[in-house]
Amino acid sequence: MATTDAESGGEYVTEPLVTDGLLENRRYQVELADTADDRHALVCLPTGLGKTTVSLLVTARRLHGVGGTALLLAPTKPLVQQHAEFYREALTVPDDEIVVFTGEVRPDDRAELFERARVVIATPQVVENDLVGNRIDLSSVTHCTFDECHRATGDYAYNYIADRYHADADDPLVTAMSASPGDDEEAILEVCENLGLSEVTVMTEDDADVAEYTHDTSVEWKRIELPDVVIEIRDAINEVVADRLAQLKDLGVTNKSSPDLSEREIQGMQAELRKLMDNDQSEGYQGMSLLAEIRKLRTAVTYVETQSVESLRRYFERLKEAARSSGASKADQRLVSEPKIREAMRKAAAYDDLHPKFRQTRMLLAETLGIENGERVIVFTESRDTAETLVDFLSDHFSTQKFVGQSDTDGSEGMTQTEQQETLDRFRNGEFEVLVSTSVAEEGLDVPEVDLVMFYEPVPTAIRAIQRKGRTGRQAEGRVVVLLAEDTRDEAYFWKARNDQKRMKRELQNLKSVAGDLEAELDQTGLDEYENPDGDDAGSETGPESEGSPAPVETEDDGAQSAPDDDGQAGLDAFAGEDVAEEAGTDADELEGAVATADGDEETIEIVADQRELDSTIARDLSTRDGVETRLETLAVGDYVLSDRVVVERKTVADFMDTLTGGDRSMFEQVGDATRHYARPVVVVEGEDLYGARNVHHKAINGALASLAVDFGASVMRTADEAETADLLEVIAGREQDEGDREVSVHGEKQSKTLAEQQEYVVTSVAEVGPVTARNLLAHFGSVEAVMTAGHDDLLDVAGIGEVTATRIRDVVSGEYDP
């Protein structure tokens with residue numbers, strides 16, 4: 001371990017690669033770094049006490065002692081930029097060797113930057129994409145940091161990256177950081193398992209070394225009484241909820257009559273309706289439509305109770321727009337024509353006041369910024385509608401700016417990364433007093449010390465509450481105020497988060513006291529395999545398929561191997577069993593010639609996936625399989641390219657049904673494009689219960705399937721879920737590339753091609769000649785024109801061209817056109 005000024009009474013950390021005189025020497029940070037030096041560690045430290053400094057110390061030590069590259073992952077772009085600024089300031093590594101990876105950096109540029117960087121700071125989605133696309137290699141990464149690691153649950157990108165890192169790195173070391181790793185011990189263990197951690201180190205405000213750097217943060221809540229008009233609007237909406245529940249009760253799926261529903265009760269009704277649909281009973285479809293109305297109405301109630309009448313008005317406008325659209329659902333259409341809902345809309349439109357929370361917010365800000373001479377306040381809200389309305393309202397009295405995410409929503413533009421950074425910089429510099437933020441500012445951002453953090457509404461999870469509270473109380477005593485609308489779900493959310501926080505604090509204390517036992521439990525799960533690079537399948541059970549990942553359907557333990565229903569199996573058997581050489585008219589000479597001239601590794605198959613398919617786990621799954629190499633592109637045609645003649649268009653059952661019920665003909669247009677560019681287009685319909693998913697007659701479904709097969713010449717195959725789709729893609733690609741000796745060729749691509757590529761493309765389009773054979777032909781004859789005018793006997797002189805292929809080429813080139 002490197003020495004620090006602490007050992008000689010100094011004030012700053014002095015270690016190799018760390019800028020002298022910059023990092024305050026805090027004993028607890030150095031101790032945490034010592035622990036994380038040689039174990040895959042979870043570092044738990046309260047917000048604002050320098051978790052990033054701990055990671056930076058470990059990074060500096062690894063780069064100095066081991067070399068290689070350090071990778072730091074953070075969940076948002078503003079947080080990535082913040083970390084980059086800190087690392088460039090705190091490390092003596094040249095600034096151009098500390099690089100930032102976000103979606104705004106071109107993929108090809110990222111690949112080059114990764115090769116020469118010593119520190120890469122990135123969002124996980126970008127690294128995930130680059131790993132799936134085989135643009136970067138983690139073998140040289142000697143330290144990987146997962147910031148805000150409590151996100152490592154379900155299908156989040158952290159899990160896949162951790163799995164790949166432990167498997168690919170020559171000398172891996174993981175540091176995971178969070179102020180709130182989980183609501184209970186089980187959740188914390190899940191994070192540890194997903195990231196391959198074997199050590200948990202916890203420090204709280206009660207630790208002596210930490211206490212001197214923390215200050216009390218008082219939490220108070222203000223109860224807000226709803227005005228009569230707001231209650232009338234809410235009650236009118238709830239009357240419609242009660243009416244829809246009565247109809248569901250008549251269907252026998254619930255005994256509930258009160259509009260005060262829990263999500264668990266809604267899911268129970270949904271399960272009962274599924275049973276009716278499975279038996280092809282129309283009541284199931286009717287009930288699902290009623291349940292969709294109830295969900296929308298509950299959202300409306302939340303807006304009017306906890307947000308503002310203005311937010312409700314905006315929501316109603318979106319509902320009306322949806323009801324007027326060509327693909328409108330019956331639920332939307334019934335809602336906007338319901339008399340009680342129309343009356344609620346009229347009352348909302350006539351209401352000329354805002355929610356009483358607005359006045360309370362203004363009073364708290366006046367008290368903090370005026371009477372108490374405060375400098376900065378953050379107001380958090382769940383709704384972007386509310387955030388924008390608050391900014392308009394507060395700007396009459398205070399200098400106020402909004403801080404929201406990057407994505408655009410209906411009626412609201414997001415903020416670019418540059419706009420976000422500029423807003424935070426101006427807030428730090430005191431150019432305005434009030435920042436009104438959605439959840440984007442909760443996690444980890446170096447938001448300046450503020451005098452008041454105000455929750456416009458409580459949040460239902462302890463983790464988010466802790467993250468928000470961490471924006472105050474770092475340098476001096478802070479204040480947190482939570483607004484609660486009486487007799488609404490505000491109160492339920494508040495008490496849930498409050499109880500969860502108490503439990504989390506107990507869990508962290510327990511974890512601190514039984515860290516040894518916890519590590520033993522982690523070892524028992526098999527995480528010690530990560531420590532053993534020579535072990536079989538190290539870390540293979542961690543990642544996208546870990547417990548907690550959302551799955552489209554319920555499967556058995558070996559669900560990935562379960563057969564699809566009869567609709568697709570016959571086609572699958574026929575495809576997998578066909579003689580590729582015979583079907584393509586390829587004789588032994590052609591195969592021999594193609595093999596002789598192939599440069600690639602015959603044991604590795606390549607699958608090109610469209611960038612937009614990363615919403616599913618298929619490409620990630622394939623990228624972890626032995627013998628499969630994935631590549632990402634923005635495909636102009638199809639979702640997956642498996643050879644020069646096979647392209648796959650993947651549709652979930654929901655997507656397929658949207659085509660039939662919503663008037664969206666894009667599926668047929670997409671398959672038409674695939675047919676024009678590839679000889680063997682394949683349509684995969686993924687998911688179960690195709691004939692019972694919606695109230696669509698089975699003849700309409702069969703008609704669409706028949707059209708795909710007969711009108712477009714596509715092979716239609718069925719899979720149960722994403723895992724089964726991945727299996728199918730691997731099988732087809734293997735048949736094409738290993739047994740058929742075909743190469744992957746992306747037709748119809750948007751990017752410009754070189755002249756040679758265009759020439760090869762023209763020749764491959766003739767009689768299904770493959771890329772290898774096309775290159776042989778061009779190399780032998782010298783031009784496309786010479787290939788097309790070559791005689792039968794001359795063609796036979798080319799490696800890979802046999803009698804059948806030579807005859808077919810001449811038939812295509814010289815045969816009379818007969819449409």
# chains A, B, ... in the order shown; residues from 1 in each chain; ligands from 1

$ residues_around --residues "A:Thr423" --least-positions-apart "6" --cutoff "9 Å" --atoms "only C-alpha atoms" --output "ChimeraX atom specification"
/A:401-403,435

$ residues_around --residues "A:Pro107" --least-positions-apart "5" --cutoff "10 Å" --atoms "only C-alpha atoms" --output "count of residues only"
12

$ residues_around --residues "stretch 54-70 of chain A" --least-positions-apart "6" --cutoff "10 Å" --atoms "only C-alpha atoms" --output "number ranges by chain"
A: 1-2, 13, 15-18, 23, 28-38, 43, 45, 83, 86-87, 90-93, 97-98, 114-121, 138-147, 170-171, 173-177

$ closest_residue --among "A:Glu785, A:Glu686, A:Glu743, A:Asp235" --to "A:Gln759" --atoms "only C-alpha atoms"
A:Glu785
